[in-house]
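Reviewing the structure listed below.
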Amino acid sequence: MNTAQEIVEYGSDEEGDAFIDSGDVLAEVPDDGDHPMDEDDEAEDGVGDLPSGDSDIKDNSLQHFTTHNGSVFAISCHPTEPLAVSGGEDDLGYIWDITDGEVIVKLTGHTDSVCSASFSSDGQMVATGGMDGKVRIWRRVGTTDFRNWEFLTELQGPDEVIWLRWHPRGTILLAGSNDSTVWLWQLPSGNTMQVFAGHSGPVQCGEFTPDGKRIVTASEDGTLMYWDPRSPTPLFKLSPQDARFDLENITSLAINASSTLAVVGGTSGSVRVVSLSKGEVVGAIGGHAEGESVEAVQFVDLTGTGSSPGVVVTGGTDGKACVWDLTTMRLRATLEHQDAVTSLLTHPAPKSHLIVSASADNTLRTWDARTGALVKEHTGHHGPILSASLGLQGSVVVSGGDDSACLVFTTEVDESG
């Protein structure tokens, strides 16, 4: 069909754009059942004499956005402008200004939690996905600034939306659902381009390959599928019955810049490296405690070329982020949090060696992946961080928390000071 052909055309140039990262598996981390204890826990740490159990937290953020009434499950920064879009437990999304916290647009229409929210790769559209199964699209109005947005259309099909991904170059949107399906739409028409069926459980993660030509999805049922967008039948499928691929539930996924390798993590604490050209497992890496879920995976381009197998970082519920060299399959560094790592972000060039980790320990941390050195700790949240996104070419990180707040931080120590 013509619309699906456009994906291949979008992916035909050789720019090697990084894939959109809007918080890979954040929707499944939020409720671990113990977050109401945060203030009590901190009181036990010797701050019980203060009026509020967590009022002594050092806040080094630049800006707060506290309009959400409930946990913030999703956040995404605009590719060029100082804007973020957030979605939360209050069934609402907001586009807001990260410099002053001003609401630009209130995104309404969902009847359940908004668990995914993302700007398109060109910054002209916003998509929100909800537990109500709705995907709602807004579009920028005019060309003078980014202050005016209009509701465009509502897309329906999935049962409960777990994640959304925009195509790296086109206005094509991918959604993974709790009902085991994956949906592909063309915008602005809203036409359904493809429905991918083949998983037998919730589709926990999915990505376009960075070249824009293929799609990789993975499910709670332990399967991974590699798709041509033009076909409803996968090019290949890996399942727990395949050699070396038993990860239990798959919870996280990343694809390298050259679109040749996928790295997937699961609830068993295991990680597998998959060749997308061969359709088989080419490596297995550990580092995480057995039974501790791998919640986030990101490739890091230490050379700045994107050509080598490279380095990958995996974040787990054991509080570790493990930096792996895929050429040697050796562990380069272990980065530590005090609680589960919920999100990993990689900086764009020229600082592609920097990564940011977000955690249920209420902090984010910027690290140098070359050495494992901590560059900066970002504090100010009063609950687990459920989502994070880099903005303004990586100079800021914006986070959303279980404390209903979104915070904006500079990713590095201010060198001018």
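Following the order of the structure tokens, first chain is A, next is B, and so on, with residues numbered from 1 inside each chain and ligands from 1 in the order they appear.
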
- request: Find the residues near Asp97 in chain A: any atom within 12 Å, counting only C-alpha atoms, skip ones fewer than 6 places away on the same chain, and give them as a list in words.
  value: Gln63, His64, Phe65, Cys77, His78, Glu81, Pro82, Leu83, Ala84, Val85, Ser86, Val103, Ile104, Val105, Phe146, Arg147, Gly391, Val398, Cys406, Leu407 and Val408 of chain A

Test item: residues at most 9 Å from Ser352 in chain A, only C-alpha atoms, excluding those fewer than 5 positions along its chain, as a VMD selection string: chain A and resid 300 to 304 346 to 347 369

Could you take the residues named above and write them with all heavy atoms, as an mmCIF file, in the first residue's frame?
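Written file, out-v8.cif:
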```
data_model
loop_
_atom_site.group_PDB
_atom_site.id
_atom_site.type_symbol
_atom_site.label_atom_id
_atom_site.label_comp_id
_atom_site.auth_asym_id
_atom_site.auth_seq_id
_atom_site.Cartn_x
_atom_site.Cartn_y
_atom_site.Cartn_z
ATOM 1 N N VAL A 300 25.147 3.637 23.515
ATOM 2 C CA VAL A 300 25.970 4.831 23.696
ATOM 3 C C VAL A 300 27.032 4.827 22.603
ATOM 4 O O VAL A 300 27.719 3.817 22.399
ATOM 5 C CB VAL A 300 26.666 4.824 25.078
ATOM 6 C CG1 VAL A 300 27.403 6.136 25.294
ATOM 7 C CG2 VAL A 300 25.655 4.586 26.183
ATOM 8 N N ASP A 301 27.158 5.948 21.912
ATOM 9 C CA ASP A 301 28.133 6.053 20.826
ATOM 10 C C ASP A 301 29.378 6.778 21.332
ATOM 11 O O ASP A 301 29.494 7.991 21.223
ATOM 12 C CB ASP A 301 27.508 6.803 19.648
ATOM 13 C CG ASP A 301 28.431 6.862 18.442
ATOM 14 O OD1 ASP A 301 29.454 6.153 18.436
ATOM 15 O OD2 ASP A 301 28.129 7.628 17.511
ATOM 16 N N LEU A 302 30.309 6.024 21.897
ATOM 17 C CA LEU A 302 31.504 6.639 22.488
ATOM 18 C C LEU A 302 32.445 7.196 21.430
ATOM 19 O O LEU A 302 33.173 8.155 21.682
ATOM 20 C CB LEU A 302 32.268 5.622 23.347
ATOM 21 C CG LEU A 302 31.569 5.154 24.625
ATOM 22 C CD1 LEU A 302 32.522 4.333 25.477
ATOM 23 C CD2 LEU A 302 31.024 6.323 25.430
ATOM 24 N N THR A 303 32.427 6.631 20.235
ATOM 25 C CA THR A 303 33.356 7.089 19.196
ATOM 26 C C THR A 303 32.797 8.260 18.400
ATOM 27 O O THR A 303 33.544 8.967 17.724
ATOM 28 C CB THR A 303 33.664 5.941 18.215
ATOM 29 O OG1 THR A 303 32.445 5.563 17.543
ATOM 30 C CG2 THR A 303 34.221 4.731 18.943
ATOM 31 N N GLY A 304 31.482 8.445 18.457
ATOM 32 C CA GLY A 304 30.872 9.523 17.687
ATOM 33 C C GLY A 304 30.627 9.160 16.232
ATOM 34 O O GLY A 304 30.191 9.985 15.442
ATOM 35 N N THR A 346 20.609 8.942 26.474
ATOM 36 C CA THR A 346 21.945 9.191 25.932
ATOM 37 C C THR A 346 21.981 10.555 25.261
ATOM 38 O O THR A 346 21.035 10.944 24.578
ATOM 39 C CB THR A 346 22.339 8.116 24.919
ATOM 40 O OG1 THR A 346 21.308 7.979 23.941
ATOM 41 C CG2 THR A 346 22.546 6.783 25.601
ATOM 42 N N HIS A 347 23.080 11.258 25.475
ATOM 43 C CA HIS A 347 23.244 12.590 24.911
ATOM 44 C C HIS A 347 23.515 12.542 23.422
ATOM 45 O O HIS A 347 24.145 11.596 22.928
ATOM 46 C CB HIS A 347 24.419 13.301 25.599
ATOM 47 C CG HIS A 347 24.037 13.990 26.860
ATOM 48 N ND1 HIS A 347 24.114 15.344 27.026
ATOM 49 C CD2 HIS A 347 23.557 13.502 28.018
ATOM 50 C CE1 HIS A 347 23.717 15.661 28.245
ATOM 51 N NE2 HIS A 347 23.368 14.558 28.860
ATOM 52 N N ALA A 369 30.105 7.756 30.393
ATOM 53 C CA ALA A 369 30.095 6.317 30.100
ATOM 54 C C ALA A 369 31.491 5.785 29.794
ATOM 55 O O ALA A 369 31.729 4.587 29.855
ATOM 56 C CB ALA A 369 29.158 6.032 28.925
#
```

message: DSSP on the backbone, helix (DSSP H, G or I) only: what residues of range 40-264 of chain A does that give? Format it as a list in words.
response: Asp40, Asp41, Glu42, Ala43, Glu44, Asp45, Gly46 and Val47 of chain A

For the residues selected in the previous step, produce a file with N, CA and C atoms as a short mmCIF file (atom, residue, chain, number, x, y, z; two decimals), in the first residue's frame.
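Saved file again_13.cif follows:
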```
data_model
loop_
_atom_site.label_atom_id
_atom_site.label_comp_id
_atom_site.auth_asym_id
_atom_site.auth_seq_id
_atom_site.Cartn_x
_atom_site.Cartn_y
_atom_site.Cartn_z
N ASP A 40 7.95 8.48 55.35
CA ASP A 40 8.30 7.74 56.56
C ASP A 40 9.74 7.25 56.49
N ASP A 41 10.12 6.75 55.31
CA ASP A 41 11.48 6.25 55.17
C ASP A 41 12.49 7.35 55.46
N GLU A 42 12.22 8.55 54.95
CA GLU A 42 13.19 9.61 55.14
C GLU A 42 13.18 10.10 56.59
N ALA A 43 12.02 9.99 57.22
CA ALA A 43 12.00 10.36 58.63
C ALA A 43 12.92 9.46 59.43
N GLU A 44 12.97 8.18 59.05
CA GLU A 44 13.85 7.25 59.74
C GLU A 44 15.31 7.57 59.49
N ASP A 45 15.58 8.32 58.42
CA ASP A 45 16.97 8.65 58.09
C ASP A 45 17.46 9.85 58.88
N GLY A 46 16.72 10.28 59.87
CA GLY A 46 17.23 11.34 60.73
C GLY A 46 16.66 12.71 60.46
N VAL A 47 15.62 12.80 59.64
CA VAL A 47 15.03 14.11 59.38
C VAL A 47 13.61 14.18 59.95
#
```

query: Do you have the CA of His110 in chain A-CA of Tyr94 in chain A distance handy?
result: 12.2 Å

query: Between CA of Leu364 in chain A and CA of Asn256 in chain A, what is the distance, to one decimal in Å?
result: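 CA of Asn256 in chain A lies at a distance of 23.7 Å from CA of Leu364 in chain A.
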
field: Gap from CA of His378 in chain A to CA of Phe409 in chain A - Å, one decimal
entry: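 CA of Phe409 in chain A lies 6.7 Å from CA of His378 in chain A.
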
Which residues of range 155-235 of chain A have any atom within 8 Å of an atom in range 257-277 of chain A when counting only C-alpha atoms, and what is the closest pair of atoms for each, with the distance in Å to one decimal? Order the rows by chain and rising number and write it as a Markdown table.
```
| residue | atom | partner | partner_atom | distance |
| --- | --- | --- | --- | --- |
| A:Thr209 | CA | A:Ser259 | CA | 5.4 |
| A:Pro210 | CA | A:Ser259 | CA | 5.9 |
| A:Asp211 | CA | A:Ser259 | CA | 6.4 |
| A:Tyr226 | CA | A:Leu276 | CA | 7.5 |
```

Save the residues we just selected, C-alpha atoms, as a PDB file, in the first residue's frame?
```pdb
ATOM      1  CA  THR A 209      15.004   1.123  13.551  1.00  0.00           C
ATOM      2  CA  PRO A 210      17.001   4.371  13.336  1.00  0.00           C
ATOM      3  CA  ASP A 211      17.071   4.112   9.522  1.00  0.00           C
ATOM      4  CA  TYR A 226      11.108  -7.856  13.464  1.00  0.00           C
TER       5      TYR A 226
END
```
